[in-house]
Amino acid sequence: MTLFGIDISHHQSASLNLANCRAEGVEFVFIKSSEGATFIDPAFTANLNEARAAGQSVAAYHYVRSNASAAEQVANVSRVVPRDVSVIPDVETNSGGVALLKDFVAGLRANGWHVPLTYLPRWYWQQLGSPSLVGLPPLWSSRYPDNVVGTIADEYADVPASYWNGYGGLSVAVLQFTSSARVAGYQPLDANAFNGTHDQLAALLGGEVEDDVSWTDRLTFDPPGEL
């Protein structure tokens with residue numbers, strides 16, 4: 001079974017209604033909380049409350065910046081994200097390398113947050129020299145077959161199965177497969193897919209999964225186009 005989600009930040013306007021998104025099959029929402037040592041997303045708390053009220057599974061994501069230490073960025077997360085909300089590091093342009101990422105993940109865990117995923121697109125991993133990522137949480141990867149605006153189901157139908165292939169020694173747990181989804185009359189949105197049950201998604205985001213291997217062993221894979 002495939003579950004769909006979106007990721008949002010203050011860049012989305014107030015006209016995005018998460019309850020309406022839930023009615024159209026959006027089961028989970030990843031919400032930008034912060035960036036670097038000082039930036040806090042002004043819409044984070046409102047988005048978090050709205051998603052929870054809509055019955056969606058949630059996680060926060062923090063954009064890692066190379067110009068700030070891991071400790072400074074953990075401290076910034078602590079200003080806005082409750083300990084019962086999992087935190088995903090967002091690692092891309094100007095995020096630095098694997099050493100900073102590992103220090104940030106370790107700092108989050110040491111301060112009480114569950115870290116379920118690593119957002120690190122294949123292109124950035126290759127830009128870093130294709131290093132080993134072993135020891136980090138499984139991947140929230142991103143790769144888009146096109147930039148055509150469409151419904152989540154239509155966009156996912158265009159995704160080749162190869163987009164789910166892992167790298168760096170990690171499997172892909174969540175795939176961001178478009179930045180051009182149309183949901184509940186709002187466009188464009190980033191859309192994501194998780195191949196598993198609601199219980200498996202809750203376990204992944206809630207911290208009940210022991211490690212990447214045991215989690216992937218429980219997955220059932222639904223090829224794109226066979227929803």
# chains A, B, ... in the order shown; residues from 1 in each chain; ligands from 1
$ select_by_dssp --residues "stretch 1-192 of chain A" --states "strand (DSSP E or B)" --output "ChimeraX atom specification"
/A:2-8,26-35,39-40,57-63,87-90,118-119,139-142,150,167,170,172-183,186-192
$ closest_atom_pairs --of "stretch 112-186 of chain A" --to "stretch 2-25 of chain A" --cutoff "7 Å" --atoms "only C-alpha atoms" --output "tab-separated table"
residue	atom	partner	partner_atom	distance
A:Val183	CA	A:Cys21	CA	6.1
A:Ala184	CA	A:Cys21	CA	5.5
A:Tyr186	CA	A:Leu16	CA	6.2
$ residues_around --residues "A:Gly206" --least-positions-apart "5" --cutoff "8 Å" --atoms "only C-alpha atoms" --output "PyMOL selection string"
chain A and resi 86+114+116
$ closest_residue --among "A:Asn67, A:Ser33, A:Ser180, A:Asn47" --to "A:Ser95" --atoms "only C-alpha atoms"
A:Asn67
$ select_by_dssp --residues "stretch 142-192 of chain A" --states "helix (DSSP H, G or I)" --output "ChimeraX atom specification"
/A:152-156,161-164
$ write_last_selection --atoms "all heavy atoms" --output "mmCIF file, in the first residue's frame"
data_model
loop_
_atom_site.group_PDB
_atom_site.id
_atom_site.type_symbol
_atom_site.label_atom_id
_atom_site.label_comp_id
_atom_site.auth_asym_id
_atom_site.auth_seq_id
_atom_site.Cartn_x
_atom_site.Cartn_y
_atom_site.Cartn_z
ATOM 1 N N ILE A 152 -1.806 14.147 -7.053
ATOM 2 C CA ILE A 152 -0.767 13.292 -6.479
ATOM 3 C C ILE A 152 -0.745 11.930 -7.162
ATOM 4 O O ILE A 152 0.312 11.408 -7.520
ATOM 5 C CB ILE A 152 -0.974 13.142 -4.961
ATOM 6 C CG1 ILE A 152 -0.562 14.438 -4.248
ATOM 7 C CG2 ILE A 152 -0.173 11.977 -4.407
ATOM 8 C CD1 ILE A 152 -0.657 14.376 -2.738
ATOM 9 N N ALA A 153 -1.914 11.338 -7.353
ATOM 10 C CA ALA A 153 -1.971 10.014 -7.970
ATOM 11 C C ALA A 153 -1.432 10.039 -9.394
ATOM 12 O O ALA A 153 -0.685 9.133 -9.803
ATOM 13 C CB ALA A 153 -3.407 9.494 -7.952
ATOM 14 N N ASP A 154 -1.779 11.063 -10.158
ATOM 15 C CA ASP A 154 -1.292 11.165 -11.531
ATOM 16 C C ASP A 154 0.219 11.360 -11.564
ATOM 17 O O ASP A 154 0.920 10.783 -12.408
ATOM 18 C CB ASP A 154 -1.971 12.325 -12.262
ATOM 19 C CG ASP A 154 -3.411 12.017 -12.644
ATOM 20 O OD1 ASP A 154 -3.792 10.828 -12.600
ATOM 21 O OD2 ASP A 154 -4.151 12.967 -12.958
ATOM 22 N N GLU A 155 0.729 12.184 -10.649
ATOM 23 C CA GLU A 155 2.171 12.421 -10.604
ATOM 24 C C GLU A 155 2.924 11.151 -10.214
ATOM 25 O O GLU A 155 3.962 10.825 -10.783
ATOM 26 C CB GLU A 155 2.490 13.540 -9.615
ATOM 27 C CG GLU A 155 1.989 14.910 -10.034
ATOM 28 C CD GLU A 155 2.677 15.393 -11.302
ATOM 29 O OE1 GLU A 155 3.899 15.595 -11.284
ATOM 30 O OE2 GLU A 155 1.972 15.545 -12.315
ATOM 31 N N TYR A 156 2.385 10.410 -9.254
ATOM 32 C CA TYR A 156 3.072 9.204 -8.795
ATOM 33 C C TYR A 156 3.052 8.106 -9.858
ATOM 34 O O TYR A 156 3.972 7.279 -9.931
ATOM 35 C CB TYR A 156 2.454 8.685 -7.496
ATOM 36 C CG TYR A 156 3.268 7.577 -6.873
ATOM 37 C CD1 TYR A 156 4.552 7.820 -6.395
ATOM 38 C CD2 TYR A 156 2.761 6.287 -6.772
ATOM 39 C CE1 TYR A 156 5.310 6.805 -5.824
ATOM 40 C CE2 TYR A 156 3.507 5.262 -6.201
ATOM 41 C CZ TYR A 156 4.785 5.532 -5.731
ATOM 42 O OH TYR A 156 5.531 4.523 -5.186
ATOM 43 N N ALA A 161 10.119 2.684 -10.900
ATOM 44 C CA ALA A 161 10.457 1.957 -9.679
ATOM 45 C C ALA A 161 11.893 2.208 -9.248
ATOM 46 O O ALA A 161 12.217 2.151 -8.059
ATOM 47 C CB ALA A 161 10.217 0.465 -9.883
ATOM 48 N N SER A 162 12.772 2.527 -10.207
ATOM 49 C CA SER A 162 14.188 2.751 -9.890
ATOM 50 C C SER A 162 14.407 3.957 -8.988
ATOM 51 O O SER A 162 15.461 4.071 -8.343
ATOM 52 C CB SER A 162 14.993 2.934 -11.183
ATOM 53 O OG SER A 162 14.533 4.069 -11.905
ATOM 54 N N TYR A 163 13.426 4.865 -8.924
ATOM 55 C CA TYR A 163 13.572 6.031 -8.050
ATOM 56 C C TYR A 163 13.614 5.634 -6.577
ATOM 57 O O TYR A 163 14.033 6.419 -5.727
ATOM 58 C CB TYR A 163 12.422 7.017 -8.280
ATOM 59 C CG TYR A 163 12.549 7.889 -9.510
ATOM 60 C CD1 TYR A 163 13.395 7.544 -10.565
ATOM 61 C CD2 TYR A 163 11.812 9.056 -9.629
ATOM 62 C CE1 TYR A 163 13.499 8.337 -11.693
ATOM 63 C CE2 TYR A 163 11.900 9.861 -10.763
ATOM 64 C CZ TYR A 163 12.742 9.494 -11.785
ATOM 65 O OH TYR A 163 12.835 10.282 -12.902
ATOM 66 N N TRP A 164 13.187 4.416 -6.276
ATOM 67 C CA TRP A 164 13.208 3.922 -4.898
ATOM 68 C C TRP A 164 14.538 3.259 -4.538
ATOM 69 O O TRP A 164 14.708 2.827 -3.394
ATOM 70 C CB TRP A 164 12.054 2.943 -4.683
ATOM 71 C CG TRP A 164 10.728 3.610 -4.561
ATOM 72 C CD1 TRP A 164 9.826 3.826 -5.563
ATOM 73 C CD2 TRP A 164 10.145 4.166 -3.385
ATOM 74 N NE1 TRP A 164 8.717 4.481 -5.073
ATOM 75 C CE2 TRP A 164 8.887 4.702 -3.737
ATOM 76 C CE3 TRP A 164 10.566 4.265 -2.053
ATOM 77 C CZ2 TRP A 164 8.040 5.322 -2.814
ATOM 78 C CZ3 TRP A 164 9.734 4.884 -1.129
ATOM 79 C CH2 TRP A 164 8.490 5.398 -1.512
#
$ residues_around --residues "stretch 117-126 of chain A" --least-positions-apart "6" --cutoff "7 Å" --atoms "only C-alpha atoms" --output "mmCIF file with C-alpha atoms, in the first residue's frame"
data_model
loop_
_atom_site.group_PDB
_atom_site.id
_atom_site.type_symbol
_atom_site.label_atom_id
_atom_site.label_comp_id
_atom_site.auth_asym_id
_atom_site.auth_seq_id
_atom_site.Cartn_x
_atom_site.Cartn_y
_atom_site.Cartn_z
ATOM 1 C CA ILE A 88 14.334 15.301 9.954
ATOM 2 C CA PRO A 89 17.604 16.919 8.838
ATOM 3 C CA ASP A 90 17.245 18.598 5.422
ATOM 4 C CA VAL A 91 20.645 18.339 3.719
ATOM 5 C CA GLU A 92 21.168 19.995 0.342
ATOM 6 C CA PRO A 137 18.436 7.200 9.410
ATOM 7 C CA PRO A 138 16.931 5.913 6.141
ATOM 8 C CA LEU A 139 16.534 8.292 3.256
ATOM 9 C CA TRP A 140 13.806 10.726 2.401
ATOM 10 C CA SER A 141 14.968 11.038 -1.190
ATOM 11 C CA SER A 142 13.769 13.322 -3.973
#
